[in-house]
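Scroll down for the structure; my scribbles are underneath it.
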Amino acid sequence: MLEKGYACDQDIFPARAEKDQIPIYRNCLYPLNFGVSYRVRLLTPSGYWAMAIHFYNNHPAICAANKVLIKRVQSMFAKAATHVDEIARKCIASFAPFFNGSDSKVFVLDVDEKVCFSINSNGKLQTQSRIEHLLPL
């Protein structure tokens, strides 16, 4: 999956017995007749995000046409995520002057809390700061 950006159950669990031991399959998906799972790896500005898509047991494995669609979705998602990230940064930057002359310092955390922005009391935005360097953990 890491190399191709996608995988289905046959790639991850060559033997059905391995999958049968996983509680989410055994207790939740199998009773609903879900058993075939695709994993899609999507790039975001913060790294990769994995998505699992479950289908009925009779769903075929990933075919060549599906692989083309997955690659297209990965490309569209990467562009959209980058665009959203740019818009968010612009919005944060336009809001930063509000703190000019104040005694406040603001931290804007990313979803994974590893990367953040800080806005100092002069209203200046500092990007790509590691949270560990800014706040005691």
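Here's how to read the names in the structure tokens: chain A, B, ... by the order shown, residue numbers from 1 in each chain, ligand numbers from 1 in the order shown.
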Could you give me, as JSON lines, a per-residue list for segment 29-70 of chain A showing, wherever an atom lies at most 10 Å from an atom of segment 4-15 of chain A, the closest pair of atoms and their distance in Å to one decimal, using only C-alpha atoms and sorting by chain then residue number from low to high?
{"residue": "A:Gly35", "atom": "CA", "partner": "A:Asp9", "partner_atom": "CA", "distance": 8.4}
{"residue": "A:Val36", "atom": "CA", "partner": "A:Asp9", "partner_atom": "CA", "distance": 6.1}
{"residue": "A:Ser37", "atom": "CA", "partner": "A:Asp9", "partner_atom": "CA", "distance": 5.5}
{"residue": "A:Tyr38", "atom": "CA", "partner": "A:Cys8", "partner_atom": "CA", "distance": 4.3}
{"residue": "A:Arg39", "atom": "CA", "partner": "A:Ala7", "partner_atom": "CA", "distance": 5.2}
{"residue": "A:Val40", "atom": "CA", "partner": "A:Tyr6", "partner_atom": "CA", "distance": 4.4}
{"residue": "A:Arg41", "atom": "CA", "partner": "A:Gly5", "partner_atom": "CA", "distance": 4.8}
{"residue": "A:Leu42", "atom": "CA", "partner": "A:Gly5", "partner_atom": "CA", "distance": 7.2}
{"residue": "A:Leu43", "atom": "CA", "partner": "A:Gly5", "partner_atom": "CA", "distance": 9.3}
{"residue": "A:Tyr48", "atom": "CA", "partner": "A:Gly5", "partner_atom": "CA", "distance": 9.8}
{"residue": "A:Ala50", "atom": "CA", "partner": "A:Gly5", "partner_atom": "CA", "distance": 9.1}
{"residue": "A:Met51", "atom": "CA", "partner": "A:Tyr6", "partner_atom": "CA", "distance": 9.4}
{"residue": "A:Ala52", "atom": "CA", "partner": "A:Cys8", "partner_atom": "CA", "distance": 9.3}
{"residue": "A:Ile53", "atom": "CA", "partner": "A:Cys8", "partner_atom": "CA", "distance": 9.3}
{"residue": "A:His54", "atom": "CA", "partner": "A:Cys8", "partner_atom": "CA", "distance": 9.7}
{"residue": "A:Pro60", "atom": "CA", "partner": "A:Cys8", "partner_atom": "CA", "distance": 9.8}
{"residue": "A:Ala61", "atom": "CA", "partner": "A:Cys8", "partner_atom": "CA", "distance": 6.7}
{"residue": "A:Ile62", "atom": "CA", "partner": "A:Cys8", "partner_atom": "CA", "distance": 6.8}
{"residue": "A:Lys67", "atom": "CA", "partner": "A:Tyr6", "partner_atom": "CA", "distance": 8.1}
{"residue": "A:Ile70", "atom": "CA", "partner": "A:Tyr6", "partner_atom": "CA", "distance": 7.6}
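Comparing the minimum interatomic distances between Phe117 of chain A and each of A:Ala88, A:Cys63, A:Ser102, A:Arg72, counting only C-alpha atoms, we find that A:Ala88 sits nearest.
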Assign secondary structure with DSSP using the backbone only, and return the residues of segment 7-134 of chain A in alpha helix (DSSP H) as an mmCIF file with C-alpha atoms, in the first residue's frame.
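File produced: out.cif:
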data_model
loop_
_atom_site.group_PDB
_atom_site.id
_atom_site.type_symbol
_atom_site.label_atom_id
_atom_site.label_comp_id
_atom_site.auth_asym_id
_atom_site.auth_seq_id
_atom_site.Cartn_x
_atom_site.Cartn_y
_atom_site.Cartn_z
ATOM 1 C CA ASP A 9 -7.771 -7.294 1.450
ATOM 2 C CA GLN A 10 -5.992 -9.815 -0.755
ATOM 3 C CA ASP A 11 -2.839 -7.684 -0.570
ATOM 4 C CA ILE A 12 -2.973 -7.177 3.192
ATOM 5 C CA ARG A 16 -8.784 -15.230 5.182
ATOM 6 C CA ALA A 17 -7.970 -16.794 8.585
ATOM 7 C CA GLU A 18 -5.748 -13.805 9.435
ATOM 8 C CA LYS A 19 -8.576 -11.366 8.773
ATOM 9 C CA ASP A 20 -11.024 -13.527 10.760
ATOM 10 C CA PRO A 23 -12.431 -7.980 15.906
ATOM 11 C CA ALA A 64 -7.191 -1.746 -13.652
ATOM 12 C CA ALA A 65 -10.046 0.760 -14.143
ATOM 13 C CA ASN A 66 -10.408 1.173 -10.362
ATOM 14 C CA LYS A 67 -6.684 1.790 -10.028
ATOM 15 C CA VAL A 68 -6.944 4.646 -12.529
ATOM 16 C CA LEU A 69 -9.843 6.153 -10.558
ATOM 17 C CA ILE A 70 -7.961 5.792 -7.263
ATOM 18 C CA LYS A 71 -4.943 7.583 -8.727
ATOM 19 C CA ARG A 72 -7.248 10.351 -9.970
ATOM 20 C CA VAL A 73 -8.870 10.703 -6.539
ATOM 21 C CA GLN A 74 -5.436 10.794 -4.892
ATOM 22 C CA SER A 75 -4.368 13.593 -7.226
ATOM 23 C CA MET A 76 -7.599 15.560 -6.706
ATOM 24 C CA PHE A 77 -7.371 15.129 -2.929
ATOM 25 C CA ALA A 78 -3.746 16.299 -2.861
ATOM 26 C CA LYS A 79 -4.638 19.434 -4.866
ATOM 27 C CA ALA A 80 -7.710 20.151 -2.731
ATOM 28 C CA ALA A 81 -5.824 19.643 0.543
ATOM 29 C CA THR A 82 -3.028 21.929 -0.618
ATOM 30 C CA HIS A 83 -5.557 24.577 -1.701
ATOM 31 C CA VAL A 84 -7.389 24.399 1.642
ATOM 32 C CA ASP A 85 -4.080 24.664 3.480
ATOM 33 C CA GLU A 86 -3.176 27.789 1.475
ATOM 34 C CA ILE A 87 -6.562 29.381 2.179
ATOM 35 C CA ALA A 88 -6.254 28.605 5.899
ATOM 36 C CA ARG A 89 -2.795 30.160 6.039
ATOM 37 C CA LYS A 90 -4.037 33.306 4.279
ATOM 38 C CA CYS A 91 -6.990 33.590 6.673
ATOM 39 C CA ILE A 92 -4.714 33.167 9.683
ATOM 40 C CA ALA A 93 -2.274 35.739 8.277
ATOM 41 C CA SER A 94 -5.085 38.257 7.656
ATOM 42 C CA PHE A 95 -6.287 37.784 11.244
ATOM 43 C CA ILE A 131 4.814 22.334 19.244
ATOM 44 C CA GLU A 132 7.514 20.840 21.493
ATOM 45 C CA HIS A 133 9.580 24.012 21.101
ATOM 46 C CA LEU A 134 6.683 26.300 21.946
#
